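Here's structure_19.cif, which has mmCIF, C-alpha atoms:
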```
data_target
#
loop_
_atom_site.group_PDB
_atom_site.id
_atom_site.type_symbol
_atom_site.label_atom_id
_atom_site.label_comp_id
_atom_site.auth_asym_id
_atom_site.auth_seq_id
_atom_site.Cartn_x
_atom_site.Cartn_y
_atom_site.Cartn_z
ATOM 1 C CA ASP A 1 -4.051 12.396 10.101
ATOM 2 C CA SER A 2 -3.192 15.644 11.905
ATOM 3 C CA ARG A 3 -4.945 14.309 15.024
ATOM 4 C CA SER A 4 -2.385 11.518 15.424
ATOM 5 C CA VAL A 5 0.846 13.387 14.659
ATOM 6 C CA SER A 6 3.774 12.604 16.950
ATOM 7 C CA PRO A 7 6.742 14.932 17.518
ATOM 8 C CA GLY A 8 9.365 14.646 14.809
ATOM 9 C CA GLN A 9 7.089 13.201 12.126
ATOM 10 C CA LEU A 10 6.554 14.359 8.538
ATOM 11 C CA PHE A 11 2.982 15.518 7.842
ATOM 12 C CA VAL A 12 1.559 14.788 4.399
ATOM 13 C CA PRO A 13 -1.594 16.759 3.573
ATOM 14 C CA VAL A 14 -3.846 15.160 0.955
ATOM 15 C CA ARG A 15 -6.384 16.921 -1.215
ATOM 16 C CA GLY A 16 -9.744 15.121 -1.270
ATOM 17 C CA SER A 17 -13.271 16.014 -0.240
ATOM 18 C CA VAL A 18 -11.407 17.964 2.459
ATOM 19 C CA ASP A 19 -8.054 19.617 1.746
ATOM 20 C CA GLY A 20 -5.480 18.361 4.229
ATOM 21 C CA HIS A 21 -3.423 21.512 3.737
ATOM 22 C CA GLN A 22 -5.794 23.307 6.116
ATOM 23 C CA TYR A 23 -4.479 21.067 8.918
ATOM 24 C CA ILE A 24 -0.783 21.888 8.466
ATOM 25 C CA GLY A 25 -0.925 24.340 11.371
ATOM 26 C CA ALA A 26 -2.456 21.742 13.675
ATOM 27 C CA ALA A 27 0.161 19.169 12.639
ATOM 28 C CA VAL A 28 3.008 21.583 13.306
ATOM 29 C CA ALA A 29 1.489 22.497 16.678
ATOM 30 C CA ALA A 30 1.372 18.768 17.508
ATOM 31 C CA GLY A 31 5.092 18.467 16.810
ATOM 32 C CA ALA A 32 5.476 17.691 13.101
ATOM 33 C CA ALA A 33 9.073 18.490 12.189
ATOM 34 C CA ALA A 34 8.256 19.039 8.515
ATOM 35 C CA TYR A 35 5.430 18.811 6.042
ATOM 36 C CA LEU A 36 4.932 18.278 2.339
ATOM 37 C CA THR A 37 2.910 20.876 0.485
ATOM 38 C CA ASP A 38 1.758 21.648 -3.030
ATOM 39 C CA GLY A 39 0.215 24.864 -1.776
ATOM 40 C CA PRO A 40 0.602 27.147 1.219
ATOM 41 C CA THR A 41 3.410 27.225 3.739
ATOM 42 C CA ILE A 42 3.418 28.424 7.332
ATOM 43 C CA ALA A 43 6.125 29.457 9.758
ATOM 44 C CA GLY A 44 7.340 27.076 12.434
ATOM 45 C CA ALA A 45 8.310 23.945 10.529
ATOM 46 C CA THR A 46 10.199 22.888 7.436
ATOM 47 C CA ALA A 47 8.092 22.883 4.279
ATOM 48 C CA VAL A 48 8.998 20.540 1.429
ATOM 49 C CA ARG A 49 7.281 21.859 -1.685
ATOM 50 C CA VAL A 50 6.171 19.217 -4.209
ATOM 51 C CA ARG A 51 3.865 19.146 -7.237
ATOM 52 C CA ASP A 52 1.604 16.454 -5.770
ATOM 53 C CA THR A 53 1.730 15.276 -2.150
ATOM 54 C CA VAL A 54 0.338 11.791 -2.881
ATOM 55 C CA ALA A 55 2.888 11.240 -5.682
ATOM 56 C CA ALA A 56 5.644 12.442 -3.351
ATOM 57 C CA LEU A 57 4.451 10.023 -0.658
ATOM 58 C CA ASP A 58 4.678 7.218 -3.236
ATOM 59 C CA GLN A 59 8.248 8.220 -4.105
ATOM 60 C CA LEU A 60 9.249 8.295 -0.440
ATOM 61 C CA ALA A 61 7.822 4.780 -0.027
ATOM 62 C CA ARG A 62 9.735 3.524 -3.077
ATOM 63 C CA CYS A 63 12.975 4.866 -1.601
ATOM 64 C CA SER A 64 12.135 3.266 1.734
ATOM 65 C CA ARG A 65 11.529 -0.088 0.028
ATOM 66 C CA GLN A 66 14.939 0.072 -1.651
ATOM 67 C CA LEU A 67 16.566 0.471 1.759
ATOM 68 C CA LEU A 68 14.454 -2.218 3.427
ATOM 69 C CA GLY A 69 15.929 -5.683 3.064
ATOM 70 C CA ALA A 70 12.754 -7.493 4.086
ATOM 71 C CA ARG A 71 11.084 -10.254 2.130
ATOM 72 C CA THR A 72 7.707 -8.872 1.099
ATOM 73 C CA ILE A 73 4.314 -10.508 0.635
ATOM 74 C CA GLY A 74 1.572 -8.741 -1.312
ATOM 75 C CA VAL A 75 -2.033 -9.769 -0.624
ATOM 76 C CA THR A 76 -4.995 -8.940 -2.844
ATOM 77 C CA GLY A 77 -8.432 -10.321 -3.646
ATOM 78 C CA SER A 78 -12.060 -9.295 -3.654
ATOM 79 C CA ASN A 79 -12.560 -10.591 -0.098
ATOM 80 C CA GLY A 80 -10.344 -11.750 2.738
ATOM 81 C CA LYS A 81 -7.341 -9.495 2.155
ATOM 82 C CA THR A 82 -7.207 -8.071 5.653
ATOM 83 C CA THR A 83 -7.887 -11.416 7.349
ATOM 84 C CA THR A 84 -5.195 -13.142 5.273
ATOM 85 C CA LYS A 85 -2.725 -10.343 6.003
ATOM 86 C CA ASP A 86 -3.462 -10.528 9.730
ATOM 87 C CA LEU A 87 -3.115 -14.330 9.797
ATOM 88 C CA LEU A 88 0.204 -14.191 7.946
ATOM 89 C CA SER A 89 1.502 -11.558 10.337
ATOM 90 C CA ALA A 90 0.410 -13.596 13.374
ATOM 91 C CA ILE A 91 2.015 -16.783 12.028
ATOM 92 C CA ALA A 92 5.307 -15.123 11.092
ATOM 93 C CA SER A 93 5.777 -12.784 14.071
ATOM 94 C CA PRO A 94 7.120 -15.407 16.519
ATOM 95 C CA VAL A 95 10.015 -16.295 14.195
ATOM 96 C CA LEU A 96 10.601 -13.191 12.025
ATOM 97 C CA ARG A 97 10.601 -9.461 12.727
ATOM 98 C CA THR A 98 7.330 -8.793 10.919
ATOM 99 C CA ALA A 99 5.580 -5.602 9.848
ATOM 100 C CA ALA A 100 2.183 -5.437 8.168
ATOM 101 C CA SER A 101 -0.406 -2.992 6.938
ATOM 102 C CA PRO A 102 -2.441 -1.674 9.880
ATOM 103 C CA GLY A 103 -6.155 -2.326 9.505
ATOM 104 C CA SER A 104 -7.016 -2.308 5.822
ATOM 105 C CA PHE A 105 -4.384 0.169 4.621
ATOM 106 C CA ASN A 106 -4.498 -1.000 1.004
ATOM 107 C CA THR A 107 -4.772 2.165 -1.107
ATOM 108 C CA GLU A 108 -2.362 4.552 -2.824
ATOM 109 C CA ILE A 109 -2.016 6.221 0.584
ATOM 110 C CA GLY A 110 -2.225 3.198 2.900
ATOM 111 C CA GLY A 111 0.392 1.257 0.927
ATOM 112 C CA PRO A 112 3.099 3.914 1.210
ATOM 113 C CA LEU A 113 2.299 4.478 4.890
ATOM 114 C CA THR A 114 2.788 0.742 5.493
ATOM 115 C CA LEU A 115 6.227 0.766 3.875
ATOM 116 C CA LEU A 116 7.326 3.951 5.606
ATOM 117 C CA ALA A 117 6.228 2.666 9.017
ATOM 118 C CA ALA A 118 8.168 -0.613 8.741
ATOM 119 C CA PRO A 119 11.147 -0.654 11.157
ATOM 120 C CA ASP A 120 14.593 -0.781 9.569
ATOM 121 C CA ASP A 121 15.203 -4.300 10.923
ATOM 122 C CA THR A 122 11.996 -5.781 9.438
ATOM 123 C CA GLU A 123 12.549 -9.275 8.033
ATOM 124 C CA LEU A 124 9.059 -9.854 6.625
ATOM 125 C CA LEU A 125 6.683 -7.181 5.361
ATOM 126 C CA VAL A 126 3.048 -8.021 4.538
ATOM 127 C CA VAL A 127 1.346 -5.435 2.327
ATOM 128 C CA GLU A 128 -2.369 -5.461 1.593
ATOM 129 C CA MET A 129 -3.244 -4.237 -1.920
ATOM 130 C CA GLY A 130 -6.675 -3.019 -2.958
ATOM 131 C CA ALA A 131 -7.920 -1.479 -6.187
ATOM 132 C CA ARG A 132 -10.650 0.830 -7.347
ATOM 133 C CA GLY A 133 -9.511 0.678 -10.957
ATOM 134 C CA GLN A 134 -7.108 -0.883 -13.422
ATOM 135 C CA GLY A 135 -3.459 -0.167 -12.675
ATOM 136 C CA HIS A 136 -3.906 0.449 -8.935
ATOM 137 C CA ILE A 137 -2.436 -2.897 -7.866
ATOM 138 C CA ALA A 138 0.319 -2.638 -10.480
ATOM 139 C CA SER A 139 1.330 0.709 -8.982
ATOM 140 C CA LEU A 140 1.292 -0.642 -5.414
ATOM 141 C CA ALA A 141 3.298 -3.691 -6.501
ATOM 142 C CA ALA A 142 5.878 -1.525 -8.266
ATOM 143 C CA MET A 143 6.297 0.349 -5.006
ATOM 144 C CA ALA A 144 6.318 -2.647 -2.611
ATOM 145 C CA ARG A 145 8.164 -5.067 -4.945
ATOM 146 C CA PRO A 146 6.694 -8.236 -3.402
ATOM 147 C CA ASP A 147 8.574 -11.545 -3.493
ATOM 148 C CA ILE A 148 5.339 -13.449 -2.871
ATOM 149 C CA GLY A 149 1.895 -12.560 -4.169
ATOM 150 C CA ILE A 150 -1.352 -13.983 -2.788
ATOM 151 C CA VAL A 151 -4.706 -13.661 -4.571
ATOM 152 C CA THR A 152 -7.517 -14.771 -2.269
ATOM 153 C CA ASN A 153 -10.397 -14.714 -4.762
ATOM 154 C CA VAL A 154 -12.194 -12.805 -7.516
ATOM 155 C CA GLY A 155 -15.705 -11.853 -6.470
ATOM 156 C CA LEU A 156 -18.561 -9.454 -6.990
ATOM 157 C CA SER A 157 -17.517 -6.891 -4.390
ATOM 158 C CA HIS A 158 -15.696 -4.728 -6.977
ATOM 159 C CA VAL A 159 -17.973 -5.174 -9.977
ATOM 160 C CA GLY A 160 -19.308 -1.651 -9.425
ATOM 161 C CA GLU A 161 -15.828 -0.224 -10.072
ATOM 162 C CA PHE A 162 -14.658 -2.659 -12.741
ATOM 163 C CA GLY A 163 -17.861 -3.506 -14.612
ATOM 164 C CA ASP A 164 -17.577 -7.297 -14.635
ATOM 165 C CA LEU A 165 -15.695 -10.230 -13.111
ATOM 166 C CA GLN A 166 -13.250 -10.458 -16.028
ATOM 167 C CA ALA A 167 -12.092 -6.884 -15.444
ATOM 168 C CA THR A 168 -11.887 -7.541 -11.714
ATOM 169 C CA ALA A 169 -9.711 -10.612 -12.352
ATOM 170 C CA ALA A 170 -7.457 -8.589 -14.665
ATOM 171 C CA ALA A 171 -6.912 -6.032 -11.909
ATOM 172 C CA LYS A 172 -6.051 -8.716 -9.339
ATOM 173 C CA ARG A 173 -3.741 -10.438 -11.850
ATOM 174 C CA GLU A 174 -1.548 -7.307 -11.812
ATOM 175 C CA LEU A 175 -0.006 -8.584 -8.565
ATOM 176 C CA VAL A 176 0.936 -11.904 -10.175
ATOM 177 C CA GLU A 177 2.353 -10.130 -13.230
ATOM 178 C CA ALA A 178 4.511 -7.914 -11.016
ATOM 179 C CA LEU A 179 6.319 -10.775 -9.269
ATOM 180 C CA PRO A 180 9.981 -11.342 -10.183
ATOM 181 C CA SER A 181 11.098 -14.565 -11.844
ATOM 182 C CA SER A 182 12.314 -15.698 -8.421
ATOM 183 C CA GLY A 183 8.935 -14.893 -6.861
ATOM 184 C CA THR A 184 6.053 -17.121 -5.817
ATOM 185 C CA ALA A 185 2.368 -16.705 -6.632
ATOM 186 C CA ILE A 186 -0.112 -18.277 -4.213
ATOM 187 C CA LEU A 187 -3.504 -18.612 -5.899
ATOM 188 C CA ASN A 188 -6.827 -19.889 -4.618
ATOM 189 C CA GLY A 189 -7.248 -23.171 -6.503
ATOM 190 C CA ASP A 190 -10.953 -23.303 -5.613
ATOM 191 C CA ASP A 191 -11.556 -20.098 -7.590
ATOM 192 C CA PRO A 192 -11.212 -20.728 -11.355
ATOM 193 C CA ARG A 193 -10.468 -17.064 -12.039
ATOM 194 C CA CYS A 194 -7.592 -17.147 -9.542
ATOM 195 C CA ALA A 195 -6.249 -20.445 -10.833
ATOM 196 C CA ALA A 196 -6.271 -19.012 -14.359
ATOM 197 C CA MET A 197 -3.692 -16.415 -13.279
ATOM 198 C CA ALA A 198 -0.916 -19.009 -12.966
ATOM 199 C CA PRO A 199 0.476 -18.458 -16.510
ATOM 200 C CA ALA A 200 0.930 -14.757 -15.697
ATOM 201 C CA ALA A 201 3.650 -15.621 -13.164
ATOM 202 C CA ALA A 202 7.216 -15.307 -14.416
#
```
As structure tokens, the full file:
Amino acid sequence: DSRSVSPGQLFVPVRGSVDGHQYIGAAVAAGAAAYLTDGPTIAGATAVRVRDTVAALDQLARCSRQLLGARTIGVTGSNGKTTTKDLLSAIASPVLRTAASPGSFNTEIGGPLTLLAAPDDTELLVVEMGARGQGHIASLAAMARPDIGIVTNVGLSHVGEFGDLQATAAAKRELVEALPSSGTAILNGDDPRCAAMAPAAA
């Protein structure tokens, strides 16, 4: 967000209903040291030209995750993701240097921003993972590489995007499927669709 740029930061313009490239000048004026672009450049800051700024942001986050030695928890579910993430962060913070997604940063943009914002000395990282379609959580999990995956529930809140509860459950199961053999899946035993994900864990 060009309105919250701090001196020395990298600005990443995103094309959506509004093209973030039109705010490069404002970001540079606010102190951005560099910016990604798949379009225009301006004088006054370093431009890093890429094919797709969102894909480049994802790659930066993947590199950041490789350097970060923190244990990572991924949280998904139809409801309760943000609350669960906030509770975990509050519980862990007194004993571990903890970083977590701000607000409900759980998209293909919020996920990378969470990883990139984590301090180098983070011991526990809690990443919220949302989905608007199949493969979204798998992509976020490949980037965040969680050691622990939590699925809160499978509900009706995403039926509009997925079509039915079975498709919604399949999308949430992507987190469980992404866990390493040394990982841990925490599933809501009161939700049959969550409990049914247990065999998907390595």
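Nearest residue to Ala43 of chain A among A:Ala61, A:Ala29, A:Leu115, A:Ala90 is A:Ala29, counting all atoms listed in the file.
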Q: Could you tell me which residues the PyMOL selection byres ((chain A and resi 177-188) around 9) returns for this structure, as a PyMOL selection string?
A: chain A and resi 138+141-142+145-153+173-176+189-198+200-202
Q.
Just want the 6 Å neighbourhood of segment 46-55 of chain A, counted on all atoms listed in the file, with same-chain residues fewer than 5 positions away dropped. Output as a PyMOL selection string.
A. chain A and resi 34-38
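Of the listed residues (A:Ala26, A:Val14, A:Ala100, A:Leu67), A:Ala100 comes nearest to Glu128 of chain A; the distances count all atoms listed in the file.
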Sorted per-residue table, segment 66-92 of chain A near segment 104-113 of chain A, closest atoms and distance, 12 Å, only C-alpha atoms, as JSON lines:
```
{"residue": "A:Gly74", "atom": "CA", "partner": "A:Asn106", "partner_atom": "CA", "distance": 10.1}
{"residue": "A:Val75", "atom": "CA", "partner": "A:Asn106", "partner_atom": "CA", "distance": 9.3}
{"residue": "A:Thr76", "atom": "CA", "partner": "A:Asn106", "partner_atom": "CA", "distance": 8.8}
{"residue": "A:Gly77", "atom": "CA", "partner": "A:Asn106", "partner_atom": "CA", "distance": 11.1}
{"residue": "A:Asn79", "atom": "CA", "partner": "A:Ser104", "partner_atom": "CA", "distance": 11.6}
{"residue": "A:Gly80", "atom": "CA", "partner": "A:Ser104", "partner_atom": "CA", "distance": 10.5}
{"residue": "A:Lys81", "atom": "CA", "partner": "A:Ser104", "partner_atom": "CA", "distance": 8.1}
{"residue": "A:Thr82", "atom": "CA", "partner": "A:Ser104", "partner_atom": "CA", "distance": 5.8}
{"residue": "A:Thr83", "atom": "CA", "partner": "A:Ser104", "partner_atom": "CA", "distance": 9.3}
{"residue": "A:Thr84", "atom": "CA", "partner": "A:Ser104", "partner_atom": "CA", "distance": 11.0}
{"residue": "A:Lys85", "atom": "CA", "partner": "A:Ser104", "partner_atom": "CA", "distance": 9.1}
{"residue": "A:Asp86", "atom": "CA", "partner": "A:Ser104", "partner_atom": "CA", "distance": 9.8}
```
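As for atom CA of Gly20 of chain A and atom CA of Gly103 of chain A, they are spaced 21.4 Å apart.
Taking atom CA of Asp58 of chain A and atom CA of Thr41 of chain A as endpoints, the distance between them is 21.2 Å.
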Starting from the shown file, work through the PyMOL selection byres ((chain A and resi 124) around 9) and note down what comes out as a PDB file with C-alpha atoms, keeping the file's coordinate frame.
```pdb
ATOM      1  CA  GLY A  69      15.929  -5.683   3.064  1.00  0.00           C
ATOM      2  CA  ALA A  70      12.754  -7.493   4.086  1.00  0.00           C
ATOM      3  CA  ARG A  71      11.084 -10.254   2.130  1.00  0.00           C
ATOM      4  CA  THR A  72       7.707  -8.872   1.099  1.00  0.00           C
ATOM      5  CA  ILE A  73       4.314 -10.508   0.635  1.00  0.00           C
ATOM      6  CA  SER A  89       1.502 -11.558  10.337  1.00  0.00           C
ATOM      7  CA  ALA A  92       5.307 -15.123  11.092  1.00  0.00           C
ATOM      8  CA  SER A  93       5.777 -12.784  14.071  1.00  0.00           C
ATOM      9  CA  LEU A  96      10.601 -13.191  12.025  1.00  0.00           C
ATOM     10  CA  ARG A  97      10.601  -9.461  12.727  1.00  0.00           C
ATOM     11  CA  THR A  98       7.330  -8.793  10.919  1.00  0.00           C
ATOM     12  CA  ALA A  99       5.580  -5.602   9.848  1.00  0.00           C
ATOM     13  CA  ALA A 100       2.183  -5.437   8.168  1.00  0.00           C
ATOM     14  CA  THR A 122      11.996  -5.781   9.438  1.00  0.00           C
ATOM     15  CA  GLU A 123      12.549  -9.275   8.033  1.00  0.00           C
ATOM     16  CA  LEU A 125       6.683  -7.181   5.361  1.00  0.00           C
ATOM     17  CA  VAL A 126       3.048  -8.021   4.538  1.00  0.00           C
TER      18      VAL A 126
END
```
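Every protein or nucleic acid residue with an atom no more than 7 Å from Ala33 of chain A, counting all atoms listed in the file and leaving out same-chain residues fewer than 5 positions away, appears here: Pro7, Gly8, Gln9, Leu10, Val28, Ala45 and Thr46 of chain A.
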Those same residues, written as a CSV table (one decimal), in the frame of the given file with C-alpha atoms?
```
chain,number,residue,atom,x,y,z
A,7,PRO,CA,6.7,14.9,17.5
A,8,GLY,CA,9.4,14.6,14.8
A,9,GLN,CA,7.1,13.2,12.1
A,10,LEU,CA,6.6,14.4,8.5
A,28,VAL,CA,3.0,21.6,13.3
A,45,ALA,CA,8.3,23.9,10.5
A,46,THR,CA,10.2,22.9,7.4
```
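Here atom CA of Asp164 of chain A is placed at a distance of 14.1 Å from atom CA of Ala131 of chain A.
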Box centre and edge lengths (Å, one decimal), axis-aligned, segment 188-201 of chain A plus 6 Å each side, as JSON:
```
{"center_x": -4.0, "center_y": -19.0, "center_z": -10.6, "size_x": 27.2, "size_y": 20.5, "size_z": 23.9}
```
N, CA and C atoms for segment 100-117 of chain A, written as an mmCIF file, in the coordinates of the input, could you do that?
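Saved to rebuild-v5.cif:
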```cif
data_model
loop_
_atom_site.group_PDB
_atom_site.id
_atom_site.type_symbol
_atom_site.label_atom_id
_atom_site.label_comp_id
_atom_site.auth_asym_id
_atom_site.auth_seq_id
_atom_site.Cartn_x
_atom_site.Cartn_y
_atom_site.Cartn_z
ATOM 1 N N ALA A 100 3.319 -5.227 9.056
ATOM 2 C CA ALA A 100 2.183 -5.437 8.168
ATOM 3 C C ALA A 100 1.328 -4.182 8.115
ATOM 4 N N SER A 101 0.525 -4.108 7.069
ATOM 5 C CA SER A 101 -0.406 -2.992 6.938
ATOM 6 C C SER A 101 -1.312 -2.948 8.164
ATOM 7 N N PRO A 102 -1.471 -1.763 8.781
ATOM 8 C CA PRO A 102 -2.441 -1.674 9.880
ATOM 9 C C PRO A 102 -3.856 -1.640 9.331
ATOM 10 N N GLY A 103 -4.764 -2.336 9.981
ATOM 11 C CA GLY A 103 -6.155 -2.326 9.505
ATOM 12 C C GLY A 103 -6.233 -2.778 8.066
ATOM 13 N N SER A 104 -6.933 -1.999 7.255
ATOM 14 C CA SER A 104 -7.016 -2.308 5.822
ATOM 15 C C SER A 104 -6.389 -1.177 5.008
ATOM 16 N N PHE A 105 -5.145 -0.855 5.352
ATOM 17 C CA PHE A 105 -4.384 0.169 4.621
ATOM 18 C C PHE A 105 -3.961 -0.423 3.282
ATOM 19 N N ASN A 106 -4.800 -0.315 2.264
ATOM 20 C CA ASN A 106 -4.498 -1.000 1.004
ATOM 21 C C ASN A 106 -4.638 -0.099 -0.215
ATOM 22 N N THR A 107 -4.574 1.223 -0.003
ATOM 23 C CA THR A 107 -4.772 2.165 -1.107
ATOM 24 C C THR A 107 -3.451 2.833 -1.489
ATOM 25 N N GLU A 108 -3.548 3.807 -2.400
ATOM 26 C CA GLU A 108 -2.362 4.552 -2.824
ATOM 27 C C GLU A 108 -1.795 5.401 -1.696
ATOM 28 N N ILE A 109 -2.531 5.540 -0.605
ATOM 29 C CA ILE A 109 -2.016 6.221 0.584
ATOM 30 C C ILE A 109 -1.645 5.194 1.655
ATOM 31 N N GLY A 110 -2.499 4.221 1.889
ATOM 32 C CA GLY A 110 -2.225 3.198 2.900
ATOM 33 C C GLY A 110 -0.997 2.365 2.581
ATOM 34 N N GLY A 111 -0.783 2.044 1.319
ATOM 35 C CA GLY A 111 0.392 1.257 0.927
ATOM 36 C C GLY A 111 1.694 1.955 1.275
ATOM 37 N N PRO A 112 1.878 3.205 0.828
ATOM 38 C CA PRO A 112 3.099 3.914 1.210
ATOM 39 C C PRO A 112 3.273 4.064 2.716
ATOM 40 N N LEU A 113 2.183 4.333 3.440
ATOM 41 C CA LEU A 113 2.299 4.478 4.890
ATOM 42 C C LEU A 113 2.776 3.174 5.534
ATOM 43 N N THR A 114 2.338 2.038 4.987
ATOM 44 C CA THR A 114 2.788 0.742 5.493
ATOM 45 C C THR A 114 4.287 0.578 5.324
ATOM 46 N N LEU A 115 4.795 0.902 4.134
ATOM 47 C CA LEU A 115 6.227 0.766 3.875
ATOM 48 C C LEU A 115 7.047 1.721 4.736
ATOM 49 N N LEU A 116 6.577 2.953 4.852
ATOM 50 C CA LEU A 116 7.326 3.951 5.606
ATOM 51 C C LEU A 116 7.335 3.676 7.107
ATOM 52 N N ALA A 117 6.310 2.969 7.584
ATOM 53 C CA ALA A 117 6.228 2.666 9.017
ATOM 54 C C ALA A 117 7.022 1.422 9.410
#
```
